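Just protein_23.txt here, compact mmCIF, C-alpha atoms and all ligand atoms:
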# COMPACT_ATOMS: atom_id res chain seq x y z
CA MET A 138 -8.96 -43.61 -29.64
CA CYS A 139 -12.37 -43.26 -28.12
CA ILE A 140 -14.88 -40.95 -29.72
CA ILE A 141 -17.77 -40.27 -27.40
CA SER A 142 -20.79 -41.78 -29.07
CA CYS A 143 -23.18 -42.12 -26.16
CA MET A 144 -24.42 -38.52 -26.27
CA SER A 145 -27.74 -37.95 -27.92
CA ASN A 146 -27.26 -34.55 -29.60
CA SER A 147 -25.41 -34.33 -32.86
CA PRO A 148 -21.98 -32.74 -32.53
CA VAL A 149 -21.37 -29.05 -33.12
CA PHE A 150 -17.87 -29.84 -34.34
CA THR A 151 -16.80 -33.01 -36.07
CA ILE A 152 -13.05 -33.28 -36.48
CA ARG A 153 -11.71 -36.04 -38.70
CA ASP A 154 -8.12 -37.06 -39.43
CA LEU A 155 -6.85 -33.57 -38.74
CA ASP A 156 -3.17 -32.92 -39.43
CA PHE A 157 -1.64 -29.49 -38.95
CA TYR A 158 1.73 -28.14 -40.12
CA TYR A 159 3.82 -25.08 -39.29
CA GLY A 160 5.85 -25.09 -42.50
CA ALA A 161 7.46 -28.54 -42.65
CA SER A 162 6.90 -29.19 -38.96
CA LYS A 163 3.87 -31.32 -38.12
CA ALA A 164 2.18 -30.06 -34.95
CA LEU A 165 -1.02 -32.16 -35.00
CA SER A 166 -1.47 -35.68 -36.25
CA GLN A 167 -4.67 -37.56 -37.03
CA ILE A 168 -6.95 -35.83 -34.55
CA ASN A 169 -10.50 -37.20 -34.38
CA MET A 170 -13.01 -35.64 -32.02
CA ASP A 171 -16.70 -34.84 -31.74
CA ILE A 172 -17.59 -31.74 -29.74
CA PHE A 173 -21.11 -31.70 -28.39
CA PRO A 174 -23.42 -28.72 -27.86
CA GLN A 175 -23.90 -27.24 -24.40
CA LYS A 176 -21.02 -29.27 -23.08
CA VAL A 177 -17.58 -28.30 -21.87
CA THR A 178 -14.71 -30.08 -23.57
CA ALA A 179 -11.34 -29.78 -21.83
CA LEU A 180 -8.00 -30.17 -23.59
CA ILE A 181 -5.06 -31.13 -21.39
CA GLY A 182 -1.47 -32.18 -21.96
CA PRO A 183 2.11 -31.06 -21.49
CA SER A 184 3.49 -27.81 -22.83
CA GLY A 185 4.03 -27.82 -26.58
CA CYS A 186 1.77 -30.83 -27.27
CA GLY A 187 -0.51 -28.85 -29.61
CA LYS A 188 -3.49 -27.80 -27.48
CA SER A 189 -3.48 -24.13 -28.56
CA THR A 190 -2.73 -25.07 -32.14
CA TYR A 191 -5.75 -27.37 -32.13
CA LEU A 192 -7.99 -24.76 -30.51
CA ARG A 193 -6.95 -22.21 -33.15
CA CYS A 194 -7.81 -24.70 -35.91
CA LEU A 195 -11.44 -24.59 -34.77
CA ASN A 196 -11.95 -20.98 -35.84
CA ARG A 197 -9.10 -20.79 -38.34
CA MET A 198 -7.06 -18.41 -36.22
CA ASN A 199 -3.96 -20.25 -37.47
CA ASP A 200 -4.67 -18.82 -40.91
CA THR A 201 -3.04 -15.62 -39.68
CA ILE A 202 0.31 -17.48 -39.30
CA ALA A 203 2.23 -17.71 -42.58
CA GLY A 204 3.18 -21.16 -43.87
CA THR A 205 0.59 -23.14 -41.93
CA ARG A 206 -1.36 -25.98 -43.51
CA VAL A 207 -4.32 -28.12 -42.52
CA GLU A 208 -5.24 -31.58 -43.76
CA GLY A 209 -8.32 -33.56 -42.83
CA GLN A 210 -11.69 -32.13 -41.99
CA ILE A 211 -13.38 -29.89 -39.46
CA LEU A 212 -17.14 -29.68 -39.80
CA LEU A 213 -19.18 -27.07 -37.92
CA ASP A 214 -22.81 -28.16 -37.95
CA GLY A 215 -21.89 -30.31 -40.93
CA GLU A 216 -20.23 -27.46 -42.84
CA ASP A 217 -16.54 -27.71 -43.78
CA ILE A 218 -14.92 -24.67 -42.15
CA TYR A 219 -11.88 -25.00 -44.42
CA ALA A 220 -14.00 -24.84 -47.59
CA PRO A 221 -12.68 -22.10 -49.90
CA ASP A 222 -15.92 -20.13 -49.70
CA MET A 223 -16.11 -20.13 -45.87
CA ASP A 224 -16.71 -16.60 -44.60
CA LEU A 225 -14.06 -16.14 -41.89
CA ALA A 226 -15.78 -13.22 -40.19
CA TYR A 227 -18.94 -15.32 -39.89
CA LEU A 228 -16.95 -18.32 -38.62
CA ARG A 229 -15.19 -16.28 -35.94
CA GLN A 230 -18.46 -14.68 -34.91
CA ARG A 231 -19.95 -18.13 -34.33
CA VAL A 232 -16.77 -19.51 -32.78
CA GLY A 233 -15.35 -16.90 -30.42
CA MET A 234 -12.09 -17.03 -28.55
CA VAL A 235 -10.82 -16.00 -25.13
CA PHE A 236 -7.09 -15.95 -24.46
CA GLN A 237 -4.81 -16.59 -21.51
CA LYS A 238 -4.10 -12.92 -20.99
CA PRO A 239 -7.24 -10.75 -20.97
CA ASN A 240 -7.04 -8.47 -24.01
CA PRO A 241 -9.66 -5.72 -23.79
CA PHE A 242 -9.34 -2.88 -26.27
CA PRO A 243 -8.05 0.37 -24.72
CA GLN A 244 -11.57 1.77 -24.82
CA SER A 245 -14.52 2.07 -22.48
CA ILE A 246 -16.18 -1.01 -21.03
CA TYR A 247 -19.29 -0.21 -23.09
CA ASP A 248 -17.36 0.20 -26.34
CA ASN A 249 -15.51 -3.08 -25.81
CA VAL A 250 -18.77 -5.02 -25.74
CA ALA A 251 -20.45 -2.86 -28.40
CA PHE A 252 -17.52 -3.23 -30.80
CA GLY A 253 -18.60 -6.52 -32.44
CA PRO A 254 -22.30 -5.67 -32.72
CA ARG A 255 -21.34 -2.31 -34.29
CA VAL A 256 -18.99 -3.89 -36.84
CA LEU A 257 -21.60 -6.50 -37.70
CA GLN A 258 -24.34 -3.86 -37.75
CA MET A 259 -26.45 -6.01 -35.47
CA THR A 260 -28.62 -3.18 -34.17
CA LYS A 261 -30.57 -0.29 -35.65
CA ASN A 262 -30.65 1.99 -32.67
CA ARG A 263 -28.88 2.88 -29.48
CA SER A 264 -31.35 1.28 -27.10
CA ASP A 265 -30.99 -2.11 -28.85
CA LEU A 266 -27.22 -1.78 -28.52
CA ASP A 267 -27.56 -0.84 -24.84
CA GLU A 268 -29.63 -3.97 -24.37
CA ILE A 269 -27.02 -6.22 -26.02
CA VAL A 270 -24.24 -4.68 -23.92
CA GLU A 271 -26.17 -5.16 -20.69
CA ARG A 272 -27.29 -8.70 -21.53
CA SER A 273 -23.77 -9.76 -22.54
CA LEU A 274 -22.23 -8.31 -19.38
CA GLN A 275 -24.89 -10.01 -17.30
CA ARG A 276 -24.35 -13.36 -18.96
CA ALA A 277 -20.62 -12.98 -18.42
CA ALA A 278 -21.30 -12.34 -14.71
CA VAL A 279 -19.55 -8.96 -14.71
CA TRP A 280 -22.54 -6.58 -14.96
CA ASP A 281 -22.78 -5.97 -11.23
CA ASP A 282 -19.09 -5.04 -11.12
CA VAL A 283 -19.20 -2.57 -14.01
CA LYS A 284 -22.77 -1.26 -14.41
CA ASP A 285 -21.95 2.09 -12.81
CA GLN A 286 -18.77 2.64 -14.80
CA LEU A 287 -19.61 1.64 -18.36
CA ARG A 288 -17.87 4.73 -19.73
CA ASP A 289 -14.62 4.01 -17.85
CA ASP A 290 -11.53 2.56 -19.50
CA ALA A 291 -11.70 -1.24 -19.58
CA LEU A 292 -8.00 -1.42 -18.75
CA GLY A 293 -8.82 -0.06 -15.28
CA LEU A 294 -10.67 -3.25 -14.36
CA SER A 295 -9.09 -6.09 -12.39
CA LEU A 296 -7.70 -8.96 -14.49
CA GLY A 297 -10.62 -11.19 -13.52
CA GLU A 298 -13.13 -8.51 -14.55
CA GLN A 299 -11.20 -7.93 -17.78
CA GLN A 300 -11.40 -11.64 -18.59
CA ARG A 301 -15.16 -11.72 -17.98
CA LEU A 302 -15.44 -8.57 -20.13
CA CYS A 303 -13.63 -10.43 -22.92
CA ILE A 304 -16.14 -13.25 -22.54
CA ALA A 305 -18.97 -10.66 -22.73
CA ARG A 306 -17.44 -9.41 -25.98
CA VAL A 307 -17.73 -12.91 -27.46
CA LEU A 308 -21.32 -13.30 -26.21
CA ALA A 309 -22.32 -9.90 -27.67
CA VAL A 310 -21.92 -11.19 -31.24
CA GLU A 311 -24.03 -14.24 -30.44
CA ALA A 312 -21.25 -16.78 -30.57
CA GLU A 313 -22.33 -20.40 -30.31
CA VAL A 314 -18.97 -21.85 -29.37
CA ILE A 315 -16.46 -20.27 -26.98
CA LEU A 316 -12.85 -21.38 -27.25
CA MET A 317 -10.89 -20.64 -24.07
CA ASP A 318 -7.12 -20.98 -24.00
CA GLU A 319 -6.07 -21.18 -20.34
CA PRO A 320 -8.59 -18.45 -19.47
CA ALA A 321 -7.81 -18.44 -15.75
CA SER A 322 -4.08 -19.00 -15.70
CA ALA A 323 -3.32 -15.29 -15.19
CA LEU A 324 -5.92 -14.95 -12.43
CA ASP A 325 -5.89 -15.33 -8.64
CA PRO A 326 -7.90 -18.15 -7.00
CA ILE A 327 -11.00 -16.02 -6.39
CA ALA A 328 -11.10 -14.68 -9.95
CA THR A 329 -10.44 -18.25 -11.16
CA ALA A 330 -13.40 -19.55 -9.16
CA LYS A 331 -15.61 -16.88 -10.76
CA ILE A 332 -14.53 -17.98 -14.24
CA GLU A 333 -15.26 -21.60 -13.36
CA GLU A 334 -18.72 -20.68 -12.02
CA LEU A 335 -19.30 -18.69 -15.18
CA ILE A 336 -18.32 -21.63 -17.39
CA HIS A 337 -20.85 -23.72 -15.52
CA GLU A 338 -23.55 -21.12 -16.18
CA LEU A 339 -22.55 -20.51 -19.81
CA LYS A 340 -22.78 -24.13 -20.84
CA LYS A 341 -26.57 -23.95 -20.48
CA ARG A 342 -26.50 -21.91 -23.71
CA TYR A 343 -23.08 -22.28 -25.27
CA THR A 344 -20.58 -24.94 -26.27
CA ILE A 345 -17.21 -24.47 -24.61
CA VAL A 346 -13.78 -25.84 -25.43
CA ILE A 347 -11.19 -25.03 -22.79
CA VAL A 348 -7.44 -25.61 -22.63
CA THR A 349 -6.15 -25.90 -19.10
CA HIS A 350 -3.01 -26.99 -17.28
CA ASN A 351 -4.99 -27.30 -14.08
CA MET A 352 -6.17 -30.89 -13.66
CA GLN A 353 -8.63 -30.00 -10.90
CA GLN A 354 -10.09 -27.32 -13.13
CA ALA A 355 -10.55 -29.76 -16.02
CA ALA A 356 -12.18 -32.24 -13.64
CA ARG A 357 -14.46 -29.55 -12.15
CA VAL A 358 -15.66 -27.77 -15.27
CA SER A 359 -15.70 -30.24 -18.15
CA ASP A 360 -17.92 -33.02 -19.43
CA SER A 361 -15.31 -34.59 -21.66
CA THR A 362 -11.55 -34.36 -21.64
CA GLY A 363 -8.90 -35.02 -24.26
CA LEU A 364 -5.24 -35.65 -23.52
CA PHE A 365 -2.80 -34.38 -26.14
CA TRP A 366 0.75 -35.65 -26.31
CA LEU A 367 3.30 -34.71 -29.00
CA GLY A 368 0.57 -33.53 -31.37
CA GLU A 369 -1.65 -36.58 -30.96
CA LEU A 370 -4.93 -36.97 -29.15
CA ILE A 371 -4.03 -39.90 -26.95
CA GLU A 372 -7.35 -40.35 -25.20
CA PHE A 373 -10.69 -38.57 -25.35
CA ASP A 374 -13.57 -39.57 -23.14
CA ALA A 375 -16.01 -38.51 -20.45
CA THR A 376 -14.12 -36.42 -17.90
CA GLU A 377 -15.06 -38.72 -15.04
CA LYS A 378 -13.61 -41.68 -16.89
CA ILE A 379 -10.41 -39.86 -17.81
CA PHE A 380 -9.81 -38.93 -14.18
CA THR A 381 -10.89 -42.16 -12.52
CA ASN A 382 -10.28 -44.89 -15.04
CA PRO A 383 -8.08 -43.76 -17.94
CA GLN A 384 -7.43 -46.33 -20.60
CA HIS A 385 -4.03 -45.10 -21.73
CA GLU A 386 -0.93 -45.20 -19.58
CA LEU A 387 0.11 -41.71 -20.74
CA THR A 388 -3.21 -40.31 -19.47
CA GLU A 389 -2.70 -42.03 -16.15
CA ALA A 390 0.86 -40.68 -15.93
CA TYR A 391 -0.21 -37.16 -16.84
CA ILE A 392 -3.17 -36.84 -14.50
CA THR A 393 -1.21 -38.26 -11.60
CA GLY A 394 1.61 -35.78 -12.24
CA ARG A 395 4.19 -38.38 -13.26
CA MET A 396 4.59 -36.82 -16.70
CA GLY A 397 4.57 -33.29 -18.17
N1 LIG B 1 3.57 -19.85 -34.65
C1 LIG B 1 4.25 -21.00 -34.61
N2 LIG B 1 5.20 -21.29 -35.53
C2 LIG B 1 5.88 -22.46 -35.49
N3 LIG B 1 5.69 -23.42 -34.57
C3 LIG B 1 4.76 -23.19 -33.63
C4 LIG B 1 3.99 -21.97 -33.58
N4 LIG B 1 3.16 -22.03 -32.53
C5 LIG B 1 3.37 -23.22 -31.94
N5 LIG B 1 4.33 -23.91 -32.59
C6 LIG B 1 4.85 -25.25 -32.24
O1 LIG B 1 3.77 -26.19 -32.32
C7 LIG B 1 3.83 -27.09 -31.23
C8 LIG B 1 2.53 -27.01 -30.44
O2 LIG B 1 2.46 -25.74 -29.81
P1 LIG B 1 1.17 -25.24 -29.02
O3 LIG B 1 1.40 -23.81 -28.70
O4 LIG B 1 -0.04 -25.59 -29.79
O5 LIG B 1 1.27 -26.15 -27.71
P2 LIG B 1 0.43 -26.06 -26.36
O6 LIG B 1 0.02 -27.46 -26.05
O7 LIG B 1 -0.62 -25.04 -26.47
O8 LIG B 1 1.56 -25.62 -25.31
P3 LIG B 1 1.41 -24.72 -23.97
O9 LIG B 1 0.78 -25.63 -22.95
O10 LIG B 1 2.82 -24.39 -23.62
O11 LIG B 1 0.58 -23.52 -24.28
C9 LIG B 1 5.07 -26.74 -30.44
O12 LIG B 1 6.12 -27.55 -30.87
C10 LIG B 1 5.32 -25.30 -30.80
O13 LIG B 1 6.69 -24.97 -30.72
MG MG B 2 -0.97 -23.25 -25.47
Starting from the file, lay out its structure as structure tokens.
Ligand SMILES: Nc1ncnc2c1ncn2[C@@H]1O[C@H](COP(=O)(O)OP(=O)(O)OP(=O)(O)O)[C@@H](O)[C@H]1O
Ligand SMILES: [Mg+2]
Amino acid sequence: MCIISCMSNSPVFTIRDLDFYYGASKALSQINMDIFPQKVTALIGPSGCGKSTYLRCLNRMNDTIAGTRVEGQILLDGEDIYAPDMDLAYLRQRVGMVFQKPNPFPQSIYDNVAFGPRVLQMTKNRSDLDEIVERSLQRAAVWDDVKDQLRDDALGLSLGEQQRLCIARVLAVEAEVILMDEPASALDPIATAKIEELIHELKKRYTIVIVTHNMQQAARVSDSTGLFWLGELIEFDATEKIFTNPQHELTEAYITGRMG
């Protein structure tokens, strides 16, 4: 197991000896990983190997599934996110999530983005809220598409626009980390390219962890890549190394399409 140690910044996430169970069934085993700020970390591997489970461990989304259990440690800026006094709303504000299928609320575009800031009472007046909504939509590269229709139903947008709106929703609450679970798999090639460009732009400010089945996408967008296999992290290293000189034969087999 290679933990990237050559990067200068301290990690945002430090994952140590992580095991995860659905009831009696162990879905993750002894995961160790450092996730660095303003980098894109890609998670790859065959269906059912635990990528989504792992992603959901990082903001405790698995807590919503009855009978799940975590062992080991996940530190966010040195703080144990599984500590009993961890504030889950605060955690999920800092560590936002974007899913495979865009899931805007059946409300206006404006209200979708304003939802989080309103719940968190982030602003005192309407013009501050307007500013957050505009800034978030701009950062999510969807402002130009929606600026003249902010009061329209978000469900009327194209899937690609909906996905960027969902990213804007995460940015609006000032997330630091964005977890993306196959964010482009429901999108056409043009909408996919826009998401990839956006990821490139977002990593100047944010830390991104992305699950993808698309090897080219992982190679294009990420700085480091981890291969999961049957609940284990088989290899984790700089993306270039994973795709040009993998150390593990399973990685080699997977990236060349001979497995999974
Ligand atoms: N809610 C759940 N309850 C019980 N078992 C689950 C649950 N969700 C996932 N699993 C099991 O945990 C394992 C890992 O699943 P997970 O969804 O994390 O894989 P994945 O790598 O994201 O797969 P895919 O590429 O198909 O999305 C699988 O064996 C799966 O059946
Ligand atoms: Mg999955």
#### Entry: Spatial neighbours of Thr344 (chain A), 9 Å, only C-alpha atoms, chain gap at least 6 places, as a ChimeraX atom specification
/A:149,172-178,313-316
Those residues with C-alpha atoms, as a CSV table (one decimal), keeping the file's coordinate frame please?
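File result-v3.csv, as written:
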chain,number,residue,atom,x,y,z
A,149,VAL,CA,-21.4,-29.0,-33.1
A,172,ILE,CA,-17.6,-31.7,-29.7
A,173,PHE,CA,-21.1,-31.7,-28.4
A,174,PRO,CA,-23.4,-28.7,-27.9
A,175,GLN,CA,-23.9,-27.2,-24.4
A,176,LYS,CA,-21.0,-29.3,-23.1
A,177,VAL,CA,-17.6,-28.3,-21.9
A,178,THR,CA,-14.7,-30.1,-23.6
A,313,GLU,CA,-22.3,-20.4,-30.3
A,314,VAL,CA,-19.0,-21.8,-29.4
A,315,ILE,CA,-16.5,-20.3,-27.0
A,316,LEU,CA,-12.8,-21.4,-27.2
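The space separating CA of Phe150 (chain A) from CA of Leu165 (chain A) comes to 17.0 Å.
The residue that comes closest to ligand MG 2 (chain B), out of A:Met259, A:Val279, A:Leu287, A:Ile347 and on the basis of only C-alpha atoms and all ligand atoms, is A:Ile347.
Counting from CA of Thr381 (chain A), the distance to atom O12 of ligand LIG 1 (chain B) is 29.0 Å.
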### Message
Show me which residues are within 8 Å of ligand LIG 1 (chain B) counting only C-alpha atoms and all ligand atoms, and format the list as a ChimeraX atom specification.
### Response
/A:159-160,162-165,181-191,202,348-350,365,367-368
### Residue list as a PyMOL selection string for point (-7.9, -31.8, -43.0), cut-off 9 Å, all atoms listed in the file
chain A and resi 152-157+167+206-211+219
Axis-aligned box for all listed atoms of region 240-252 of chain A, 6 Å per side, centre and edges in Å to one decimal, as AutoDock Vina command-line options:
--center_x -13.7 --center_y -3.2 --center_z -25.9 --size_x 25.4 --size_y 22.5 --size_z 21.8
### Task
Please identify all polymer residues within 10 Å of region 357-361 of chain A, counting only C-alpha atoms, omitting same-chain residues fewer than 3 positions from it, and present them as number ranges by chain.
A: 141, 172-173, 175-180, 332-337, 340, 345-347, 351-354, 373-379
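With distances taken over all atoms listed in the file, A:Leu192 is the one residue among A:Asn262, A:Leu192, A:Ser166, A:Ala330 lying closest to ligand MG 2 (chain B).
Using all atoms listed in the file for every distance, the candidate list A:Val256, A:Ser273, A:Gly233, A:Arg193 yields A:Arg193 as the residue closest to ligand MG 2 (chain B).
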### Task
Give me the residues within 8 Å of Arg276 (chain A) as a PyMOL selection string, counting all atoms listed in the file and dropping any in the same chain fewer than 6 places off.
chain A and resi 305+308+339
### Query
Leaving out Leu228 (chain A) and any residue of its chain fewer than 2 positions from it, which residues lie within 10 Å of it when counting only C-alpha atoms, given as a list in words?
Leu195, Asn196, Arg197, Leu213, Ile218, Met223, Asp224, Leu225, Ala226, Gln230, Arg231, Val232, Gly233 and Ala312 of chain A
#### Entry: A:Asn146, A:Thr393, A:Ser322, A:Asn169 ranked by distance to ligand MG 2 (chain B), top pick (using all atoms listed in the file)
A:Ser322
